[in-house]
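Pasted below: data_36.cif, mmCIF, N, CA and C atoms and all ligand atoms.
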```cif
data_data
#
loop_
_atom_site.label_atom_id
_atom_site.label_comp_id
_atom_site.auth_asym_id
_atom_site.auth_seq_id
_atom_site.Cartn_x
_atom_site.Cartn_y
_atom_site.Cartn_z
N MET A 28 7.46 14.35 77.03
CA MET A 28 8.36 13.45 76.29
C MET A 28 9.09 12.53 77.27
N ALA A 29 9.17 11.27 76.97
CA ALA A 29 9.88 10.35 77.88
C ALA A 29 11.38 10.66 77.86
N ASP A 30 11.98 10.54 79.04
CA ASP A 30 13.42 10.75 79.10
C ASP A 30 14.13 9.60 78.41
N GLN A 31 15.01 9.91 77.49
CA GLN A 31 15.75 8.87 76.79
C GLN A 31 17.07 9.45 76.35
N ALA A 32 18.04 8.54 76.15
CA ALA A 32 19.34 9.01 75.67
C ALA A 32 19.08 9.81 74.40
N GLY A 33 19.69 10.98 74.31
CA GLY A 33 19.54 11.77 73.09
C GLY A 33 18.70 13.00 73.25
N ASN A 34 17.83 13.05 74.28
CA ASN A 34 17.04 14.28 74.39
C ASN A 34 17.33 15.10 75.64
N LEU A 35 18.30 14.66 76.44
CA LEU A 35 18.68 15.43 77.62
C LEU A 35 20.17 15.76 77.59
N THR A 36 20.50 16.96 78.09
CA THR A 36 21.91 17.28 78.33
C THR A 36 22.03 18.06 79.62
N PHE A 37 23.28 18.20 80.07
CA PHE A 37 23.55 18.91 81.31
C PHE A 37 24.31 20.20 80.98
N ALA A 38 23.88 21.30 81.61
CA ALA A 38 24.49 22.61 81.35
C ALA A 38 24.84 23.31 82.65
N ILE A 39 25.90 24.11 82.60
CA ILE A 39 26.25 24.99 83.73
C ILE A 39 26.43 26.41 83.18
N ILE A 40 25.83 27.38 83.87
CA ILE A 40 26.22 28.78 83.69
C ILE A 40 27.32 29.01 84.71
N LYS A 41 28.54 29.22 84.23
CA LYS A 41 29.73 29.21 85.09
C LYS A 41 29.84 30.49 85.92
N PRO A 42 30.70 30.47 86.96
CA PRO A 42 30.79 31.61 87.88
C PRO A 42 31.12 32.95 87.21
N ASP A 43 31.86 32.96 86.10
CA ASP A 43 32.15 34.24 85.44
C ASP A 43 30.87 34.87 84.91
N ALA A 44 30.02 34.06 84.29
CA ALA A 44 28.79 34.59 83.69
C ALA A 44 27.77 34.97 84.76
N VAL A 45 27.67 34.16 85.82
CA VAL A 45 26.76 34.51 86.92
C VAL A 45 27.24 35.82 87.56
N GLY A 46 28.55 35.91 87.83
CA GLY A 46 29.11 37.10 88.48
C GLY A 46 28.96 38.36 87.64
N ALA A 47 28.97 38.21 86.33
CA ALA A 47 28.84 39.36 85.43
C ALA A 47 27.38 39.75 85.20
N GLY A 48 26.46 39.02 85.82
CA GLY A 48 25.04 39.36 85.67
C GLY A 48 24.43 38.87 84.37
N ASN A 49 25.03 37.84 83.77
CA ASN A 49 24.53 37.36 82.48
C ASN A 49 23.62 36.13 82.58
N THR A 50 23.26 35.74 83.80
CA THR A 50 22.43 34.53 83.97
C THR A 50 21.13 34.63 83.18
N GLY A 51 20.42 35.73 83.36
CA GLY A 51 19.11 35.89 82.70
C GLY A 51 19.23 35.87 81.18
N LYS A 52 20.25 36.56 80.67
CA LYS A 52 20.42 36.61 79.21
C LYS A 52 20.72 35.22 78.65
N ILE A 53 21.51 34.44 79.39
CA ILE A 53 21.85 33.09 78.91
C ILE A 53 20.62 32.18 78.98
N ILE A 54 19.85 32.27 80.05
CA ILE A 54 18.62 31.47 80.14
C ILE A 54 17.67 31.83 79.00
N ASP A 55 17.61 33.11 78.68
CA ASP A 55 16.76 33.56 77.57
C ASP A 55 17.21 32.93 76.25
N ARG A 56 18.53 32.84 76.05
CA ARG A 56 19.07 32.22 74.83
C ARG A 56 18.73 30.73 74.79
N ILE A 57 18.77 30.09 75.96
CA ILE A 57 18.45 28.65 76.04
C ILE A 57 16.99 28.41 75.64
N ILE A 58 16.09 29.20 76.22
CA ILE A 58 14.67 29.05 75.90
C ILE A 58 14.42 29.41 74.44
N GLY A 59 15.05 30.50 73.98
CA GLY A 59 14.91 30.91 72.58
C GLY A 59 15.45 29.88 71.61
N GLY A 60 16.40 29.06 72.09
CA GLY A 60 16.99 28.01 71.27
C GLY A 60 16.14 26.75 71.22
N GLY A 61 14.99 26.79 71.85
CA GLY A 61 14.07 25.66 71.76
C GLY A 61 14.27 24.58 72.80
N PHE A 62 15.06 24.87 73.82
CA PHE A 62 15.25 23.89 74.89
C PHE A 62 14.17 24.05 75.96
N ARG A 63 13.82 22.93 76.57
CA ARG A 63 12.96 22.97 77.74
C ARG A 63 13.85 22.75 78.96
N ILE A 64 13.74 23.64 79.94
CA ILE A 64 14.53 23.49 81.17
C ILE A 64 13.80 22.53 82.09
N ARG A 65 14.40 21.36 82.30
CA ARG A 65 13.75 20.31 83.09
C ARG A 65 14.11 20.38 84.57
N ALA A 66 15.26 21.02 84.88
CA ALA A 66 15.69 21.19 86.26
C ALA A 66 16.70 22.32 86.29
N MET A 67 16.71 23.07 87.41
CA MET A 67 17.65 24.20 87.49
C MET A 67 17.85 24.57 88.95
N LYS A 68 19.10 24.83 89.34
CA LYS A 68 19.36 25.37 90.68
C LYS A 68 20.67 26.12 90.70
N MET A 69 20.76 27.06 91.65
CA MET A 69 22.00 27.80 91.84
C MET A 69 22.78 27.14 92.97
N ILE A 70 24.07 26.93 92.72
CA ILE A 70 24.91 26.28 93.74
C ILE A 70 26.25 27.01 93.82
N HIS A 71 26.95 26.85 94.93
CA HIS A 71 28.33 27.32 95.04
C HIS A 71 29.14 26.10 95.45
N GLN A 72 29.85 25.53 94.48
CA GLN A 72 30.55 24.27 94.71
C GLN A 72 31.78 24.45 95.60
N THR A 73 32.05 23.44 96.40
CA THR A 73 33.34 23.39 97.10
C THR A 73 34.40 22.94 96.07
N ARG A 74 35.65 23.11 96.44
CA ARG A 74 36.74 22.66 95.57
C ARG A 74 36.65 21.15 95.33
N LYS A 75 36.32 20.42 96.39
CA LYS A 75 36.20 18.95 96.27
C LYS A 75 35.10 18.57 95.27
N GLN A 76 33.98 19.30 95.30
CA GLN A 76 32.89 19.00 94.37
C GLN A 76 33.30 19.30 92.94
N SER A 77 33.96 20.44 92.71
CA SER A 77 34.35 20.76 91.34
C SER A 77 35.43 19.80 90.84
N GLU A 78 36.28 19.35 91.76
CA GLU A 78 37.28 18.34 91.37
C GLU A 78 36.59 17.03 90.97
N GLY A 79 35.55 16.68 91.71
CA GLY A 79 34.80 15.46 91.39
C GLY A 79 34.12 15.55 90.05
N PHE A 80 33.51 16.71 89.79
CA PHE A 80 32.79 16.89 88.52
C PHE A 80 33.75 16.81 87.33
N TYR A 81 34.93 17.40 87.47
CA TYR A 81 35.89 17.45 86.36
C TYR A 81 36.97 16.37 86.46
N GLU A 82 36.62 15.28 87.16
CA GLU A 82 37.57 14.18 87.37
C GLU A 82 38.24 13.72 86.05
N VAL A 83 37.46 13.71 84.94
CA VAL A 83 38.01 13.24 83.65
C VAL A 83 39.19 14.10 83.19
N HIS A 84 39.26 15.35 83.69
CA HIS A 84 40.34 16.25 83.26
C HIS A 84 41.52 16.26 84.24
N ARG A 85 41.42 15.44 85.32
CA ARG A 85 42.51 15.43 86.31
C ARG A 85 43.83 15.13 85.62
N GLY A 86 44.87 15.88 85.96
CA GLY A 86 46.19 15.67 85.38
C GLY A 86 46.46 16.59 84.20
N LYS A 87 45.40 17.17 83.62
CA LYS A 87 45.64 18.10 82.51
C LYS A 87 46.15 19.43 83.05
N PRO A 88 46.88 20.18 82.23
CA PRO A 88 47.50 21.42 82.73
C PRO A 88 46.49 22.44 83.26
N PHE A 89 45.26 22.39 82.75
CA PHE A 89 44.28 23.40 83.19
C PHE A 89 43.41 22.94 84.35
N TYR A 90 43.63 21.71 84.85
CA TYR A 90 42.74 21.13 85.87
C TYR A 90 42.68 21.96 87.15
N GLU A 91 43.86 22.38 87.66
CA GLU A 91 43.89 23.13 88.92
C GLU A 91 43.14 24.45 88.77
N GLY A 92 43.46 25.18 87.72
CA GLY A 92 42.82 26.47 87.50
C GLY A 92 41.32 26.33 87.26
N LEU A 93 40.96 25.29 86.53
CA LEU A 93 39.54 25.06 86.21
C LEU A 93 38.74 24.76 87.47
N THR A 94 39.25 23.87 88.31
CA THR A 94 38.48 23.48 89.50
C THR A 94 38.46 24.62 90.53
N GLU A 95 39.52 25.42 90.56
CA GLU A 95 39.52 26.61 91.44
C GLU A 95 38.47 27.61 90.95
N PHE A 96 38.48 27.86 89.65
CA PHE A 96 37.50 28.79 89.06
C PHE A 96 36.07 28.33 89.29
N MET A 97 35.81 27.05 89.08
CA MET A 97 34.43 26.55 89.18
C MET A 97 33.91 26.55 90.62
N SER A 98 34.83 26.66 91.59
CA SER A 98 34.39 26.75 92.98
C SER A 98 34.55 28.18 93.52
N SER A 99 34.83 29.14 92.64
CA SER A 99 35.11 30.51 93.08
C SER A 99 33.85 31.34 93.32
N GLY A 100 32.71 30.86 92.89
CA GLY A 100 31.48 31.63 93.06
C GLY A 100 30.29 30.80 92.65
N PRO A 101 29.09 31.36 92.79
CA PRO A 101 27.90 30.60 92.42
C PRO A 101 27.82 30.29 90.94
N CYS A 102 27.21 29.19 90.62
CA CYS A 102 26.89 28.89 89.23
C CYS A 102 25.48 28.30 89.18
N VAL A 103 24.95 28.19 87.97
CA VAL A 103 23.61 27.64 87.77
C VAL A 103 23.75 26.34 87.00
N VAL A 104 23.21 25.27 87.58
CA VAL A 104 23.27 23.96 86.92
C VAL A 104 21.87 23.62 86.40
N MET A 105 21.82 23.01 85.22
CA MET A 105 20.54 22.79 84.55
C MET A 105 20.51 21.47 83.79
N VAL A 106 19.32 20.92 83.68
CA VAL A 106 19.07 19.82 82.75
C VAL A 106 18.21 20.39 81.61
N LEU A 107 18.71 20.22 80.38
CA LEU A 107 18.02 20.77 79.21
C LEU A 107 17.50 19.63 78.34
N GLU A 108 16.31 19.83 77.81
CA GLU A 108 15.69 18.83 76.94
C GLU A 108 15.46 19.40 75.53
N LYS A 109 15.86 18.64 74.56
CA LYS A 109 15.60 18.95 73.15
C LYS A 109 16.01 17.71 72.35
N ASP A 110 15.45 17.49 71.20
CA ASP A 110 15.95 16.40 70.35
C ASP A 110 17.41 16.66 70.05
N GLY A 111 18.25 15.65 70.21
CA GLY A 111 19.68 15.83 69.95
C GLY A 111 20.28 16.87 70.87
N ALA A 112 19.90 16.82 72.15
CA ALA A 112 20.22 17.89 73.11
C ALA A 112 21.73 18.15 73.26
N VAL A 113 22.53 17.10 73.29
CA VAL A 113 23.97 17.28 73.53
C VAL A 113 24.58 18.16 72.43
N LYS A 114 24.35 17.79 71.18
CA LYS A 114 24.93 18.57 70.07
C LYS A 114 24.27 19.94 69.97
N ALA A 115 22.95 19.99 70.15
CA ALA A 115 22.24 21.27 70.02
C ALA A 115 22.76 22.29 71.04
N TRP A 116 23.00 21.83 72.27
CA TRP A 116 23.50 22.76 73.30
C TRP A 116 24.95 23.14 73.02
N ARG A 117 25.77 22.19 72.57
CA ARG A 117 27.16 22.55 72.25
C ARG A 117 27.21 23.52 71.07
N ASP A 118 26.32 23.35 70.11
CA ASP A 118 26.26 24.28 68.97
C ASP A 118 25.89 25.69 69.45
N LEU A 119 24.92 25.77 70.36
CA LEU A 119 24.50 27.09 70.87
C LEU A 119 25.60 27.73 71.73
N MET A 120 26.35 26.90 72.46
CA MET A 120 27.46 27.44 73.28
C MET A 120 28.60 27.97 72.43
N GLY A 121 28.97 27.23 71.39
CA GLY A 121 30.14 27.58 70.58
C GLY A 121 31.40 26.91 71.11
N ALA A 122 32.52 27.20 70.44
CA ALA A 122 33.79 26.54 70.74
C ALA A 122 34.27 26.88 72.16
N THR A 123 35.08 25.96 72.72
CA THR A 123 35.62 26.14 74.08
C THR A 123 36.31 27.49 74.22
N ASP A 124 37.13 27.85 73.24
CA ASP A 124 37.84 29.14 73.25
C ASP A 124 36.93 30.21 72.63
N PRO A 125 36.46 31.17 73.43
CA PRO A 125 35.51 32.17 72.91
C PRO A 125 36.03 32.92 71.68
N THR A 126 37.36 33.06 71.57
CA THR A 126 37.88 33.78 70.40
C THR A 126 37.71 32.97 69.11
N LYS A 127 37.50 31.64 69.28
CA LYS A 127 37.30 30.77 68.10
C LYS A 127 35.84 30.40 67.89
N ALA A 128 34.97 30.89 68.80
CA ALA A 128 33.55 30.54 68.72
C ALA A 128 32.87 31.35 67.62
N ASP A 129 31.88 30.73 66.97
CA ASP A 129 31.14 31.41 65.90
C ASP A 129 30.34 32.59 66.44
N GLU A 130 30.13 33.57 65.56
CA GLU A 130 29.24 34.69 65.89
C GLU A 130 27.87 34.15 66.29
N GLY A 131 27.29 34.78 67.27
CA GLY A 131 25.95 34.39 67.68
C GLY A 131 25.90 33.32 68.75
N THR A 132 27.07 32.73 69.07
CA THR A 132 27.09 31.70 70.11
C THR A 132 27.24 32.35 71.49
N ILE A 133 26.86 31.60 72.50
CA ILE A 133 26.90 32.12 73.88
C ILE A 133 28.34 32.40 74.32
N ARG A 134 29.26 31.50 74.01
CA ARG A 134 30.64 31.72 74.44
C ARG A 134 31.26 32.92 73.72
N LYS A 135 30.89 33.12 72.46
CA LYS A 135 31.40 34.29 71.73
C LYS A 135 30.94 35.57 72.43
N GLU A 136 29.67 35.58 72.81
CA GLU A 136 29.09 36.81 73.38
C GLU A 136 29.48 37.01 74.84
N PHE A 137 29.51 35.93 75.62
CA PHE A 137 29.66 36.09 77.07
C PHE A 137 30.97 35.54 77.63
N GLY A 138 31.72 34.75 76.87
CA GLY A 138 32.95 34.15 77.36
C GLY A 138 34.10 35.14 77.37
N GLY A 139 34.95 35.06 78.40
CA GLY A 139 36.07 35.99 78.49
C GLY A 139 37.40 35.37 78.09
N SER A 140 37.53 34.06 78.26
CA SER A 140 38.80 33.38 77.95
C SER A 140 38.51 31.90 77.78
N VAL A 141 39.53 31.13 77.38
CA VAL A 141 39.32 29.69 77.19
C VAL A 141 38.93 29.02 78.51
N GLY A 142 39.39 29.54 79.62
CA GLY A 142 39.02 28.98 80.92
C GLY A 142 37.68 29.49 81.40
N GLU A 143 37.53 30.81 81.37
CA GLU A 143 36.30 31.43 81.87
C GLU A 143 35.37 31.71 80.69
N ASN A 144 34.70 30.64 80.26
CA ASN A 144 33.99 30.67 78.98
C ASN A 144 32.47 30.54 79.14
N ALA A 145 31.97 31.02 80.25
CA ALA A 145 30.53 31.27 80.47
C ALA A 145 29.64 30.05 80.71
N THR A 146 29.87 28.98 79.96
CA THR A 146 28.96 27.84 80.09
C THR A 146 29.70 26.50 79.92
N HIS A 147 29.06 25.46 80.44
CA HIS A 147 29.50 24.08 80.25
C HIS A 147 28.40 23.31 79.55
N GLY A 148 28.78 22.33 78.74
CA GLY A 148 27.81 21.40 78.17
C GLY A 148 28.41 20.02 78.07
N SER A 149 27.59 19.00 78.30
CA SER A 149 28.05 17.62 78.19
C SER A 149 28.54 17.35 76.77
N ASP A 150 29.46 16.36 76.64
CA ASP A 150 30.02 16.08 75.30
C ASP A 150 29.49 14.77 74.69
N SER A 151 28.64 14.04 75.41
CA SER A 151 28.06 12.80 74.87
C SER A 151 26.82 12.47 75.68
N ASP A 152 25.97 11.61 75.12
CA ASP A 152 24.78 11.18 75.87
C ASP A 152 25.18 10.46 77.15
N GLU A 153 26.24 9.66 77.06
CA GLU A 153 26.69 8.91 78.23
C GLU A 153 27.14 9.87 79.33
N ASN A 154 27.95 10.87 78.97
CA ASN A 154 28.41 11.82 79.98
C ASN A 154 27.28 12.73 80.47
N ALA A 155 26.31 13.01 79.61
CA ALA A 155 25.15 13.80 80.06
C ALA A 155 24.46 13.08 81.21
N ALA A 156 24.25 11.79 81.07
CA ALA A 156 23.57 11.03 82.13
C ALA A 156 24.40 11.05 83.42
N ILE A 157 25.72 10.90 83.28
CA ILE A 157 26.60 10.91 84.47
C ILE A 157 26.54 12.29 85.13
N GLU A 158 26.64 13.35 84.33
CA GLU A 158 26.68 14.72 84.87
C GLU A 158 25.35 15.13 85.49
N ILE A 159 24.25 14.75 84.85
CA ILE A 159 22.92 15.05 85.42
C ILE A 159 22.82 14.41 86.80
N SER A 160 23.24 13.16 86.91
CA SER A 160 23.08 12.46 88.19
C SER A 160 24.06 12.95 89.24
N PHE A 161 25.09 13.69 88.83
CA PHE A 161 26.02 14.29 89.80
C PHE A 161 25.31 15.38 90.59
N PHE A 162 24.39 16.10 89.96
CA PHE A 162 23.75 17.26 90.59
C PHE A 162 22.26 17.09 90.87
N PHE A 163 21.59 16.18 90.17
CA PHE A 163 20.13 16.09 90.30
C PHE A 163 19.71 14.64 90.51
N SER A 164 18.66 14.49 91.34
CA SER A 164 18.00 13.18 91.43
C SER A 164 16.92 13.13 90.36
N LYS A 165 16.46 11.95 90.06
CA LYS A 165 15.40 11.78 89.05
C LYS A 165 14.16 12.58 89.42
N LEU A 166 13.87 12.65 90.72
CA LEU A 166 12.67 13.38 91.19
C LEU A 166 12.73 14.87 90.89
N GLU A 167 13.95 15.40 90.70
CA GLU A 167 14.10 16.84 90.47
C GLU A 167 13.90 17.24 89.01
N LEU A 168 13.77 16.24 88.12
CA LEU A 168 13.49 16.56 86.72
C LEU A 168 11.99 16.71 86.54
N VAL A 169 11.55 17.92 86.22
CA VAL A 169 10.11 18.16 86.15
C VAL A 169 9.66 18.28 84.68
N1 LIG B 201 39.75 24.61 79.77
C1 LIG B 201 40.81 25.45 80.05
N2 LIG B 201 41.90 25.42 79.22
C2 LIG B 201 41.98 24.59 78.14
C3 LIG B 201 40.89 23.73 77.87
C4 LIG B 201 39.80 23.76 78.70
O1 LIG B 201 40.78 26.21 81.01
O2 LIG B 201 42.99 24.61 77.43
C5 LIG B 201 38.57 24.64 80.65
C6 LIG B 201 37.38 25.38 80.02
O3 LIG B 201 36.68 26.04 81.07
C7 LIG B 201 36.58 24.24 79.44
C8 LIG B 201 36.78 23.15 80.49
O4 LIG B 201 38.13 23.31 80.89
O5 LIG B 201 35.21 24.61 79.26
C9 LIG B 201 36.56 21.73 80.00
O6 LIG B 201 37.37 21.53 78.86
P1 LIG B 201 36.80 20.76 77.59
O7 LIG B 201 37.95 20.45 76.71
O8 LIG B 201 35.94 19.62 78.05
O9 LIG B 201 35.91 21.89 76.86
P2 LIG B 201 34.33 22.05 76.73
O10 LIG B 201 33.73 20.68 76.63
O11 LIG B 201 33.87 22.80 77.97
O12 LIG B 201 34.13 22.86 75.48
MG MG B 202 33.99 19.05 77.84
#
```
Could I get this file's structure written as structure tokens?
Ligand code: UDP
Ligand code: MG
Amino acid sequence: MADQAGNLTFAIIKPDAVGAGNTGKIIDRIIGGGFRIRAMKMIHQTRKQSEGFYEVHRGKPFYEGLTEFMSSGPCVVMVLEKDGAVKAWRDLMGATDPTKADEGTIRKEFGGSVGENATHGSDSDENAAIEISFFFSKLELV
């Protein structure tokens, strides 16, 4: 399928989920959800990198804690492909706060708190393109 706005999104398995040994289970849910994994790597971000990634949230009360958490351990970054990928991945993840997430969602099952909520997903096609290019070159999408 040709890459086009609407069929790609960017995902992170966050340090809480990687540290808890849930990486494989989450990848299984992604594949079971009909996504094709176009790129994937494990990284351990510096504080500067996580601050750069979450630049849009700078100044919010949770920014310091969020960027510290995201650089606290390894995470898995991925490019996912599916029709309507942004919404489809956010639906599979569930609400930001795991206590408010629907049954059967990844954050409900694996998230521990509103901050340490297992996964990240882009919120628009425009931000998906920005976030993908933050971590991957075009050549790395297979
Ligand atoms: N976050 C937090 N406290 C909040 C809101 C968000 O710690 O009150 C963290 C949480 O890890 C969330 C991330 O900041 O996933 C980005 O927030 P956003 O509102 O974009 O939520 P998301 O798009 O991840 O559902
Ligand atoms: Mg967001």
Within range 35-118 of chain A, find each residue whose DSSP state, derived from the backbone, is alpha helix (DSSP H), and express the selection as a ChimeraX atom specification.
/A:42-46,50-59,74-80,90-97,112-118
Point-to-point distance in Å for atom C of His147 in chain A and atom C of Thr126 in chain A
17.0 Å
If the limit is 12 Å from any atom of ligand LIG 201 (chain B), counting only C-alpha atoms and all ligand atoms, which residues qualify? Return them as a VMD selection string.
chain A and resid 37 to 44 77 to 78 80 to 97 113 to 114 116 to 125 127 to 128 133 to 134 138 to 151 154 to 155
Which one is closest to Arg65 in chain A: A:Gly46, A:Met105, A:Gly100, A:Phe163? Count only N, CA and C atoms.
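Under the stated criterion, the closest residue is A:Met105.
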Non-local contacts of Glu167 in chain A (8 Å; only N, CA and C atoms; under 2 positions in same chain excluded) as a ChimeraX atom specification:
/A:65-67,163-165,169
Record the distance separating atom C of Ala112 in chain A and CA of Met69 in chain A, expressed in Å with one decimal.
20.9 Å
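Across the structure, CA of Ile64 in chain A and CA of Val106 in chain A are spaced 6.0 Å apart.
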DSSP on the backbone: what in chain A comes out strand (DSSP E), as an MDAnalysis selection string?
chainID A and resid 35:40 63:70 102:108 146:148
The residue from A:Arg56, A:Lys68, A:Lys135, A:Arg63 with the smallest atom-to-atom distance to Leu107 in chain A, counting all atoms listed in the file, is A:Arg63
Restrict the output to range 33-53 of chain A and N, CA and C atoms, then write it as a CSV table (one decimal), in the first residue's frame.
```csv
chain,number,residue,atom,x,y,z
A,33,GLY,N,-3.3,9.2,6.6
A,33,GLY,CA,-4.5,8.4,6.9
A,33,GLY,C,-4.3,6.9,7.1
A,34,ASN,N,-3.1,6.4,6.6
A,34,ASN,CA,-2.9,5.0,6.8
A,34,ASN,C,-1.7,4.7,7.7
A,35,LEU,N,-1.0,5.7,8.2
A,35,LEU,CA,0.1,5.5,9.1
A,35,LEU,C,-0.1,6.2,10.4
A,36,THR,N,0.4,5.6,11.5
A,36,THR,CA,0.5,6.3,12.7
A,36,THR,C,1.7,5.9,13.5
A,37,PHE,N,2.0,6.7,14.5
A,37,PHE,CA,3.2,6.5,15.3
A,37,PHE,C,2.8,6.0,16.7
A,38,ALA,N,3.5,4.9,17.2
A,38,ALA,CA,3.2,4.3,18.5
A,38,ALA,C,4.5,4.2,19.3
A,39,ILE,N,4.3,4.3,20.6
A,39,ILE,CA,5.4,3.9,21.5
A,39,ILE,C,4.8,3.0,22.6
A,40,ILE,N,5.6,1.9,22.8
A,40,ILE,CA,5.4,1.1,24.1
A,40,ILE,C,6.3,1.7,25.1
A,41,LYS,N,5.7,2.4,26.1
A,41,LYS,CA,6.4,3.2,27.0
A,41,LYS,C,7.2,2.4,28.1
A,42,PRO,N,8.1,3.1,28.8
A,42,PRO,CA,9.0,2.4,29.7
A,42,PRO,C,8.3,1.6,30.8
A,43,ASP,N,7.1,1.9,31.2
A,43,ASP,CA,6.5,1.1,32.2
A,43,ASP,C,6.1,-0.2,31.7
A,44,ALA,N,5.6,-0.3,30.4
A,44,ALA,CA,5.1,-1.5,29.8
A,44,ALA,C,6.3,-2.4,29.4
A,45,VAL,N,7.4,-1.8,28.9
A,45,VAL,CA,8.6,-2.5,28.6
A,45,VAL,C,9.2,-3.1,29.8
A,46,GLY,N,9.3,-2.3,30.9
A,46,GLY,CA,9.9,-2.8,32.1
A,46,GLY,C,9.1,-3.9,32.8
A,47,ALA,N,7.8,-3.9,32.6
A,47,ALA,CA,6.9,-4.9,33.2
A,47,ALA,C,6.9,-6.2,32.4
A,48,GLY,N,7.6,-6.2,31.3
A,48,GLY,CA,7.6,-7.4,30.4
A,48,GLY,C,6.4,-7.5,29.5
A,49,ASN,N,5.7,-6.4,29.2
A,49,ASN,CA,4.5,-6.5,28.5
A,49,ASN,C,4.7,-6.2,27.0
A,50,THR,N,5.9,-6.0,26.5
A,50,THR,CA,6.2,-5.7,25.1
A,50,THR,C,5.5,-6.7,24.2
A,51,GLY,N,5.8,-7.9,24.4
A,51,GLY,CA,5.3,-9.0,23.5
A,51,GLY,C,3.8,-9.0,23.4
A,52,LYS,N,3.2,-8.9,24.6
A,52,LYS,CA,1.7,-9.0,24.6
A,52,LYS,C,1.1,-7.8,23.9
A,53,ILE,N,1.7,-6.6,24.0
A,53,ILE,CA,1.2,-5.4,23.3
A,53,ILE,C,1.4,-5.5,21.8
```
